[in-house]
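model37.cif (mmCIF, C-alpha atoms)
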data_entry
loop_
_atom_site.label_atom_id
_atom_site.label_comp_id
_atom_site.auth_asym_id
_atom_site.auth_seq_id
_atom_site.Cartn_x
_atom_site.Cartn_y
_atom_site.Cartn_z
CA MET A 26 -3.15 -58.17 64.08
CA TYR A 27 -0.32 -56.84 61.86
CA ILE A 28 -1.43 -53.24 62.48
CA LYS A 29 -1.62 -53.85 66.22
CA ASN A 30 1.92 -55.28 66.15
CA LYS A 31 3.19 -52.19 64.32
CA VAL A 32 1.56 -49.93 66.89
CA PHE A 33 3.06 -51.96 69.74
CA ILE A 34 6.53 -51.98 68.16
CA GLY A 35 6.34 -48.26 67.39
CA SER A 36 5.31 -47.48 70.96
CA VAL A 37 8.16 -49.58 72.37
CA PHE A 38 10.66 -47.88 70.04
CA CYS A 39 9.58 -44.37 71.09
CA ILE A 40 9.50 -45.14 74.82
CA ALA A 41 12.85 -46.94 74.67
CA SER A 42 14.49 -44.10 72.73
CA ALA A 43 13.23 -41.53 75.26
CA CYS A 44 14.60 -43.65 78.11
CA LEU A 45 17.99 -43.92 76.41
CA TRP A 46 18.15 -40.15 75.89
CA GLY A 47 17.40 -39.67 79.59
CA VAL A 48 20.04 -42.18 80.67
CA SER A 49 22.65 -40.55 78.42
CA GLY A 50 22.23 -37.30 80.36
CA ALA A 51 22.91 -39.16 83.61
CA ALA A 52 25.96 -40.79 82.00
CA GLY A 53 27.24 -37.32 81.12
CA GLN A 54 26.75 -36.20 84.72
CA TYR A 55 28.79 -39.18 85.92
CA MET A 56 31.66 -38.21 83.60
CA PHE A 57 31.61 -34.59 84.80
CA ARG A 58 31.54 -35.51 88.50
CA ASN A 59 33.71 -38.63 88.63
CA ALA A 60 36.09 -38.45 85.68
CA ASN A 61 36.63 -34.66 85.54
CA ILE A 62 35.53 -34.51 81.90
CA THR A 63 34.39 -31.08 80.68
CA PRO A 64 31.20 -30.52 78.65
CA GLU A 65 33.32 -28.96 75.90
CA TRP A 66 35.42 -32.09 75.38
CA LEU A 67 32.45 -34.44 75.65
CA VAL A 68 30.41 -32.50 73.08
CA SER A 69 33.41 -32.27 70.71
CA ILE A 70 34.03 -36.00 70.58
CA ARG A 71 30.35 -37.00 70.81
CA MET A 72 29.29 -34.86 67.85
CA LEU A 73 32.31 -35.85 65.75
CA LEU A 74 31.97 -39.62 66.20
CA THR A 75 28.17 -39.57 66.01
CA GLY A 76 28.25 -37.44 62.83
CA ILE A 77 30.70 -39.81 61.14
CA LEU A 78 28.69 -42.89 62.13
CA MET A 79 25.35 -41.39 61.04
CA LEU A 80 26.67 -40.23 57.67
CA ALA A 81 28.22 -43.63 57.09
CA PHE A 82 24.89 -45.27 57.92
CA ALA A 83 23.01 -42.86 55.61
CA GLN A 84 25.50 -43.51 52.79
CA ILE A 85 25.15 -47.28 53.13
CA LYS A 86 21.37 -47.03 53.36
CA LYS A 87 20.60 -44.65 50.47
CA GLY A 88 23.81 -43.15 49.14
CA GLY A 89 24.18 -39.55 47.98
CA MET A 90 25.77 -38.36 51.21
CA LEU A 91 26.98 -35.08 49.65
CA ARG A 92 23.81 -34.07 47.82
CA ILE A 93 22.52 -31.96 50.73
CA LEU A 94 25.56 -29.68 50.28
CA MET A 95 25.24 -29.21 46.52
CA GLU A 96 22.73 -26.31 46.52
CA LYS A 97 23.68 -22.98 48.08
CA GLN A 98 20.39 -22.49 49.98
CA ASP A 99 20.43 -26.02 51.37
CA ARG A 100 24.07 -25.67 52.39
CA LYS A 101 23.35 -22.41 54.20
CA GLU A 102 20.39 -23.89 56.07
CA VAL A 103 22.34 -27.00 57.06
CA ILE A 104 25.13 -24.85 58.54
CA LEU A 105 22.67 -22.69 60.49
CA PHE A 106 20.85 -25.80 61.72
CA ALA A 107 24.16 -27.35 62.78
CA LEU A 108 25.54 -24.30 64.60
CA ILE A 109 22.45 -22.71 66.17
CA GLY A 110 20.30 -25.79 66.64
CA MET A 111 22.42 -28.91 66.96
CA LEU A 112 25.58 -27.48 68.55
CA PHE A 113 23.87 -25.13 71.01
CA MET A 114 21.35 -27.79 71.99
CA GLN A 115 24.08 -30.37 72.67
CA TYR A 116 26.46 -28.04 74.49
CA ALA A 117 23.89 -26.08 76.49
CA TYR A 118 22.26 -29.33 77.69
CA PHE A 119 25.52 -30.84 78.95
CA ALA A 120 26.65 -27.49 80.40
CA ALA A 121 23.38 -27.32 82.37
CA ILE A 122 24.01 -30.87 83.63
CA ASN A 123 27.48 -29.81 84.72
CA TYR A 124 26.08 -26.92 86.76
CA CYS A 125 23.14 -28.82 88.30
CA ASN A 126 22.16 -32.41 87.47
CA ALA A 127 20.81 -34.47 84.58
CA ALA A 128 17.24 -34.59 85.89
CA THR A 129 16.84 -30.82 86.26
CA ALA A 130 18.65 -30.07 82.98
CA THR A 131 16.42 -32.48 81.06
CA VAL A 132 13.24 -31.01 82.51
CA LEU A 133 14.40 -27.47 81.74
CA GLN A 134 15.14 -28.50 78.15
CA TYR A 135 11.62 -29.88 77.89
CA THR A 136 10.20 -26.37 78.21
CA ALA A 137 10.99 -26.11 74.47
CA PRO A 138 7.43 -27.05 73.32
CA ILE A 139 6.11 -24.12 75.33
CA MET A 140 8.56 -21.79 73.58
CA ILE A 141 7.40 -23.18 70.24
CA VAL A 142 3.79 -22.38 71.16
CA VAL A 143 4.69 -18.79 72.04
CA TYR A 144 6.82 -18.35 68.91
CA LEU A 145 4.13 -19.69 66.57
CA ALA A 146 1.50 -17.49 68.22
CA PHE A 147 3.59 -14.38 67.46
CA ARG A 148 4.57 -15.53 63.98
CA GLN A 149 1.03 -16.46 62.95
CA LYS A 150 -0.42 -13.44 64.79
CA LYS A 151 -2.91 -15.72 66.45
CA LEU A 152 -3.76 -16.04 70.12
CA PRO A 153 -2.88 -19.38 71.71
CA THR A 154 -5.72 -21.74 72.56
CA ALA A 155 -6.94 -22.09 76.13
CA VAL A 156 -4.97 -25.33 76.53
CA GLU A 157 -1.81 -23.65 75.23
CA CYS A 158 -2.25 -20.71 77.62
CA ILE A 159 -2.67 -23.07 80.57
CA ALA A 160 0.40 -25.01 79.40
CA VAL A 161 2.52 -21.84 79.20
CA ILE A 162 1.47 -20.77 82.71
CA GLY A 163 2.06 -24.27 84.07
CA CYS A 164 5.50 -24.39 82.50
CA MET A 165 6.41 -21.01 83.99
CA VAL A 166 5.25 -22.15 87.44
CA GLY A 167 7.28 -25.36 87.16
CA THR A 168 10.42 -23.50 86.07
CA ILE A 169 10.05 -20.97 88.88
CA LEU A 170 9.64 -23.76 91.44
CA LEU A 171 12.78 -25.46 90.18
CA ALA A 172 14.76 -22.21 90.17
CA THR A 173 13.64 -20.85 93.54
CA HIS A 174 12.22 -23.78 95.55
CA GLY A 175 9.21 -21.56 96.12
CA ASP A 176 11.21 -18.66 97.59
CA LEU A 177 11.16 -15.87 95.01
CA HIS A 178 13.92 -14.01 96.85
CA ASN A 179 16.50 -16.74 96.35
CA LEU A 180 17.70 -18.95 93.50
CA SER A 181 18.10 -22.62 94.37
CA LEU A 182 19.71 -23.24 90.98
CA SER A 183 22.91 -21.44 90.10
CA PRO A 184 22.48 -18.68 87.50
CA GLN A 185 24.71 -20.72 85.18
CA ALA A 186 22.50 -23.81 85.47
CA LEU A 187 19.36 -21.78 84.79
CA PHE A 188 20.98 -19.93 81.87
CA TRP A 189 22.26 -23.06 80.11
CA GLY A 190 19.08 -25.00 80.83
CA VAL A 191 16.88 -22.31 79.27
CA LEU A 192 19.33 -21.87 76.37
CA SER A 193 19.16 -25.62 75.66
CA ALA A 194 15.37 -25.30 75.44
CA VAL A 195 15.67 -22.34 73.05
CA ALA A 196 18.12 -24.32 70.90
CA LEU A 197 15.81 -27.35 70.93
CA ALA A 198 12.89 -25.15 69.83
CA PHE A 199 14.99 -23.77 66.95
CA TYR A 200 16.24 -27.27 66.12
CA THR A 201 12.65 -28.47 65.92
CA ILE A 202 11.16 -25.62 63.87
CA TYR A 203 13.94 -24.50 61.55
CA PRO A 204 14.74 -27.56 59.34
CA VAL A 205 11.18 -28.13 58.07
CA ARG A 206 12.09 -27.41 54.44
CA LEU A 207 15.21 -29.56 54.60
CA LEU A 208 13.26 -32.46 56.11
CA SER A 209 10.87 -32.35 53.18
CA ARG A 210 13.80 -32.81 50.79
CA TYR A 211 16.29 -35.05 52.59
CA ASP A 212 16.45 -38.09 54.83
CA THR A 213 16.45 -37.21 58.53
CA MET A 214 19.52 -39.34 59.23
CA LEU A 215 21.45 -37.41 56.57
CA LEU A 216 20.47 -34.06 58.07
CA ILE A 217 21.33 -35.10 61.61
CA GLY A 218 24.66 -36.57 60.49
CA TRP A 219 25.76 -33.38 58.75
CA GLY A 220 24.43 -31.29 61.65
CA MET A 221 26.53 -33.31 64.09
CA LEU A 222 29.65 -33.25 61.90
CA ILE A 223 29.53 -29.52 61.10
CA GLY A 224 28.76 -28.70 64.74
CA SER A 225 31.70 -30.84 65.83
CA VAL A 226 34.08 -28.89 63.57
CA ALA A 227 33.04 -25.63 65.27
CA MET A 228 33.25 -27.19 68.73
CA ASN A 229 36.67 -28.70 68.04
CA ILE A 230 38.02 -25.27 67.12
CA VAL A 231 37.09 -24.15 70.64
CA HIS A 232 38.08 -27.38 72.41
CA PRO A 233 39.82 -30.04 70.28
CA PHE A 234 38.88 -33.60 71.16
CA TRP A 235 42.51 -34.75 70.83
CA ARG A 236 43.35 -32.77 73.98
CA TRP A 237 42.56 -35.85 76.01
CA GLU A 238 41.42 -35.05 79.52
CA GLY A 239 39.91 -36.60 82.62
CA ASN A 240 40.55 -39.52 84.94
CA TRP A 241 39.49 -42.57 82.99
CA ASP A 242 38.32 -45.90 84.27
CA ALA A 243 36.11 -48.67 82.89
CA THR A 244 32.89 -46.91 83.96
CA SER A 245 33.89 -43.61 82.34
CA LEU A 246 34.78 -45.35 79.09
CA PHE A 247 31.48 -47.25 79.16
CA CYS A 248 29.60 -43.95 79.72
CA LEU A 249 31.32 -42.38 76.68
CA ILE A 250 30.47 -45.35 74.46
CA PHE A 251 26.92 -45.38 75.80
CA ILE A 252 26.43 -41.66 75.08
CA ILE A 253 27.67 -42.00 71.48
CA ILE A 254 26.00 -45.30 70.54
CA PHE A 255 23.02 -45.79 72.86
CA GLY A 256 22.44 -42.14 73.75
CA THR A 257 22.50 -40.87 70.17
CA MET A 258 22.68 -43.32 67.26
CA VAL A 259 20.34 -46.05 68.53
CA PRO A 260 17.59 -43.83 70.00
CA TYR A 261 17.46 -41.57 66.93
CA MET A 262 16.97 -44.58 64.65
CA MET A 263 14.44 -46.18 67.01
CA PHE A 264 12.48 -42.94 67.39
CA LEU A 265 12.32 -42.30 63.66
CA ASN A 266 11.05 -45.83 63.03
CA GLY A 267 8.55 -45.37 65.84
CA VAL A 268 7.24 -42.21 64.16
CA LYS A 269 6.66 -44.21 60.97
CA TYR A 270 4.57 -46.77 62.86
CA ILE A 271 2.48 -44.59 65.20
CA GLY A 272 2.78 -41.02 63.87
CA PRO A 273 4.32 -37.83 65.32
CA THR A 274 1.57 -37.11 67.87
CA LYS A 275 1.88 -40.33 69.86
CA SER A 276 5.64 -40.32 69.35
CA SER A 277 5.92 -36.87 70.93
CA LEU A 278 3.76 -38.05 73.80
CA TYR A 279 5.95 -41.06 74.48
CA ALA A 280 9.09 -38.91 74.19
CA SER A 281 7.92 -37.16 77.37
CA VAL A 282 9.23 -40.22 79.23
CA GLU A 283 12.74 -38.77 78.86
CA PRO A 284 12.59 -36.43 81.91
CA LEU A 285 11.17 -39.29 83.99
CA SER A 286 13.93 -41.70 82.97
CA SER A 287 16.61 -39.08 83.61
CA THR A 288 15.19 -38.38 87.06
CA VAL A 289 14.93 -42.05 88.04
CA VAL A 290 18.49 -42.83 86.92
CA SER A 291 19.89 -39.68 88.56
CA VAL A 292 18.28 -40.52 91.91
CA LEU A 293 18.97 -44.26 91.92
CA TRP A 294 22.41 -44.39 90.30
CA LEU A 295 23.98 -40.98 90.92
CA LYS A 296 22.27 -40.45 94.30
CA VAL A 297 21.06 -36.98 93.32
CA HIS A 298 19.05 -35.52 96.18
CA LEU A 299 15.82 -33.85 95.10
CA GLU A 300 13.39 -32.03 97.36
CA LEU A 301 9.61 -32.43 97.19
CA ILE A 302 9.39 -29.00 95.58
CA ASP A 303 11.68 -30.24 92.77
CA TYR A 304 9.33 -33.11 91.99
CA ILE A 305 6.39 -30.70 91.98
CA GLY A 306 8.26 -28.44 89.52
CA PHE A 307 9.07 -31.45 87.34
CA LEU A 308 5.41 -32.48 87.43
CA PHE A 309 4.19 -29.06 86.31
CA ILE A 310 6.52 -29.04 83.29
CA VAL A 311 5.91 -32.66 82.24
CA ILE A 312 2.13 -32.25 82.53
CA THR A 313 2.22 -29.15 80.32
CA VAL A 314 4.15 -31.09 77.65
CA LEU A 315 1.60 -33.91 77.88
CA MET A 316 -1.25 -31.40 77.55
CA LEU A 317 0.23 -30.06 74.33
CA SER A 318 0.81 -33.60 73.03
CA PHE A 319 -2.81 -34.54 73.62
CA ALA A 320 -4.16 -31.24 72.34
CA LYS A 321 -2.66 -31.37 68.85
CA PRO A 322 0.41 -32.54 66.93
CA LYS A 323 3.62 -30.65 67.58
CA PRO A 324 6.84 -30.59 65.57
CA LYS A 325 8.78 -33.81 66.05
CA LYS A 326 12.28 -34.02 67.39
CA VAL A 327 14.49 -34.82 64.45
#
What would the structure in this file look like if it were written as structure tokens?
Amino acid sequence: MYIKNKVFIGSVFCIASACLWGVSGAAGQYMFRNANITPEWLVSIRMLLTGILMLAFAQIKKGGMLRILMEKQDRKEVILFALIGMLFMQYAYFAAINYCNAATATVLQYTAPIMIVVYLAFRQKKLPTAVECIAVIGCMVGTILLATHGDLHNLSLSPQALFWGVLSAVALAFYTIYPVRLLSRYDTMLLIGWGMLIGSVAMNIVHPFWRWEGNWDATSLFCLIFIIIFGTMVPYMMFLNGVKYIGPTKSSLYASVEPLSSTVVSVLWLKVHLELIDYIGFLFIVITVLMLSFAKPKPKKV
């Protein structure tokens, strides 16, 4: 009974965290459309506050907040992880939302597992399995449907939306693969906290958070708080605890709920209009991610 309870709790944690990540994308879209907030400002303040909160939590939990920066190799890897993985993933995702919508941007970002499959095939000099090949083709079909609505002569997405959406997937793939050695040495919360904080320093050089912008109301303020607390801190902690209870394979499978939650919230709350062809494109991409999740374990989202 105790084991069954742990499995149930772990499943709920992973599904809930994926839903919160999806809703946070829709909250970002609301801020861009209704409060005239830019992705640059949102990412600057989100990464800064989240990094501070996560490092404080890690310090209270285990202490030794600075130990990850003590060794030269670790310090170098943390900085690369923060700038190439964390910062680009955060900014590219919200930039894609700004140019299209949260649902489409989230689905485009979820092409990352396919990129990981292709990268590992080249790195290991090994042909992908039949399931992986089908997944890659399915992902390409889904992306093409989203970008063209089935008409190869025209783009239904703006070039900017497609560029930032694909870049967010590349950054997510890097973010997933690169910190393997660091994760074997340090607590995940510590790594994420430093990644957020270092990334925020770089982002604030480009667009300082103290240059307050936008047209603020109660809903906009709620969206900002939601993105920082319930779109970052809470789901990360829930997901990591879920992984402990049910393992990375099932956790990755449940994380595929994120595009669904983002789509539902975008349509119902933000009144985003999607064509049938969009839903078909979404379906192709989500199914390919599910195929890879069922086929074998994939690197977890840290």
Between A:Thr129, A:Ser49, A:Pro153, A:Arg58, smallest distance to Leu170 of chain A by all atoms listed in the file belongs to A:Thr129
Compile a residue-level contact table for segment 88-171 of chain A against segment 220-241 of chain A at a cut-off of 6 Å, reporting for every qualifying residue the shortest atom pair and its distance in Å to one decimal, with only C-alpha atoms counted, rows ordered by chain and ascending number, as a tab-separated table.
residue	atom	partner	partner_atom	distance
A:Ala107	CA	A:Gly220	CA	4.1
A:Leu108	CA	A:Gly224	CA	5.5
A:Leu112	CA	A:Gly224	CA	5.1
Please dump the current selection as a PDB file, in the coordinates of the input; keep C-alpha atoms.
ATOM      1  CA  ALA A 107      24.160 -27.350  62.780  1.00  0.00           C
ATOM      2  CA  LEU A 108      25.540 -24.300  64.600  1.00  0.00           C
ATOM      3  CA  LEU A 112      25.580 -27.480  68.550  1.00  0.00           C
TER       4      LEU A 112
END
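Checking A:Thr288, A:Thr257, A:Ser281, A:Thr244 one by one against Tyr135 of chain A, counting only C-alpha atoms, you find the shortest gap at A:Ser281.
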What would the selection look like, as a PyMOL selection string, if the PyMOL selection byres ((chain A and resi 131) around 8) were run on the coordinates I just shared?
chain A and resi 47+50+118+127-130+132-135+190+283-284+287
With only C-alpha atoms counted, which protein, DNA or RNA residues have an atom no more than 6 Å from (29.2, -31.0, 75.2) in the file frame? Please answer as number ranges by chain.
A: 64-65, 67-68, 115-116, 119
From A:Val290, A:Leu249, A:Leu192, A:Leu215, residue lying nearest Lys87 of chain A [all atoms listed in the file]:
A:Leu215
I want to know what sits within 10 Å of Val166 of chain A, based on only C-alpha atoms, with residues of the same chain fewer than 4 positions away left out; could you give that as a list in words?
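In the requested form, the answer reads Ala160, Val161, Ile162, Leu170, Leu171, Ala172, Gly175, Ile305, Gly306, Phe309 and Ile310 of chain A.
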Would you write out, as number ranges by chain, every residue that the PyMOL selection byres ((chain A and resi 259) around 12) captures in this file?
A: 38-39, 41-46, 49, 75, 78-79, 82, 214, 250-258, 260-266
Which residue out of A:Tyr200, A:Ser69, A:Ile40, A:Ala60 has the minimum interatomic distance to Ala243 of chain A when all atoms listed in the file are used?
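Nearest to Ala243 of chain A: A:Ala60.
Taking atom CA of Ala121 of chain A and atom CA of Glu102 of chain A as the two end points, the separation is 26.7 Å.
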How about completing segment 159-186 of chain A with N, CA and C atoms and giving it to me as a compact mmCIF listing (two decimals), in the coordinates of the input?
# COMPACT_ATOMS: atom_id res chain seq x y z
N ILE A 159 -2.84 -22.36 79.30
CA ILE A 159 -2.67 -23.07 80.57
C ILE A 159 -1.31 -23.75 80.61
N ALA A 160 -0.89 -24.33 79.48
CA ALA A 160 0.40 -25.01 79.40
C ALA A 160 1.55 -24.03 79.64
N VAL A 161 1.47 -22.85 79.03
CA VAL A 161 2.52 -21.84 79.20
C VAL A 161 2.62 -21.42 80.67
N ILE A 162 1.48 -21.17 81.30
CA ILE A 162 1.47 -20.77 82.71
C ILE A 162 2.03 -21.90 83.58
N GLY A 163 1.58 -23.13 83.30
CA GLY A 163 2.06 -24.27 84.07
C GLY A 163 3.56 -24.46 83.94
N CYS A 164 4.07 -24.27 82.73
CA CYS A 164 5.50 -24.39 82.50
C CYS A 164 6.28 -23.32 83.27
N MET A 165 5.76 -22.09 83.26
CA MET A 165 6.41 -21.01 83.99
C MET A 165 6.44 -21.30 85.48
N VAL A 166 5.32 -21.81 86.01
CA VAL A 166 5.25 -22.15 87.44
C VAL A 166 6.27 -23.23 87.76
N GLY A 167 6.33 -24.28 86.92
CA GLY A 167 7.28 -25.36 87.16
C GLY A 167 8.72 -24.89 87.14
N THR A 168 9.06 -24.02 86.17
CA THR A 168 10.42 -23.50 86.07
C THR A 168 10.77 -22.64 87.27
N ILE A 169 9.82 -21.82 87.71
CA ILE A 169 10.05 -20.97 88.88
C ILE A 169 10.25 -21.81 90.14
N LEU A 170 9.47 -22.87 90.28
CA LEU A 170 9.64 -23.76 91.44
C LEU A 170 11.02 -24.42 91.43
N LEU A 171 11.46 -24.85 90.27
CA LEU A 171 12.78 -25.46 90.18
C LEU A 171 13.89 -24.45 90.50
N ALA A 172 13.71 -23.22 90.02
CA ALA A 172 14.76 -22.21 90.17
C ALA A 172 14.82 -21.61 91.56
N THR A 173 13.68 -21.56 92.26
CA THR A 173 13.64 -20.85 93.54
C THR A 173 13.24 -21.71 94.73
N HIS A 174 12.77 -22.94 94.48
CA HIS A 174 12.22 -23.78 95.55
C HIS A 174 11.07 -23.08 96.28
N GLY A 175 10.37 -22.24 95.55
CA GLY A 175 9.21 -21.56 96.12
C GLY A 175 9.52 -20.25 96.81
N ASP A 176 10.81 -19.92 96.96
CA ASP A 176 11.21 -18.66 97.59
C ASP A 176 11.69 -17.72 96.50
N LEU A 177 10.86 -16.75 96.13
CA LEU A 177 11.16 -15.87 95.01
C LEU A 177 12.35 -14.95 95.27
N HIS A 178 12.80 -14.89 96.52
CA HIS A 178 13.92 -14.01 96.85
C HIS A 178 15.27 -14.71 96.70
N ASN A 179 15.25 -16.00 96.45
CA ASN A 179 16.50 -16.74 96.35
C ASN A 179 16.44 -17.74 95.19
N LEU A 180 17.59 -17.93 94.54
CA LEU A 180 17.70 -18.95 93.50
C LEU A 180 18.28 -20.23 94.10
N SER A 181 17.56 -21.34 93.92
CA SER A 181 18.10 -22.62 94.37
C SER A 181 19.01 -23.22 93.32
N LEU A 182 18.79 -22.87 92.05
CA LEU A 182 19.71 -23.24 90.98
C LEU A 182 20.72 -22.13 90.79
N SER A 183 21.92 -22.48 90.40
CA SER A 183 22.91 -21.44 90.10
C SER A 183 22.46 -20.70 88.84
N PRO A 184 22.84 -19.42 88.72
CA PRO A 184 22.48 -18.68 87.50
C PRO A 184 22.99 -19.37 86.24
N GLN A 185 24.17 -20.02 86.35
CA GLN A 185 24.71 -20.72 85.18
C GLN A 185 23.83 -21.90 84.77
N ALA A 186 23.35 -22.66 85.76
CA ALA A 186 22.50 -23.81 85.47
C ALA A 186 21.20 -23.36 84.81
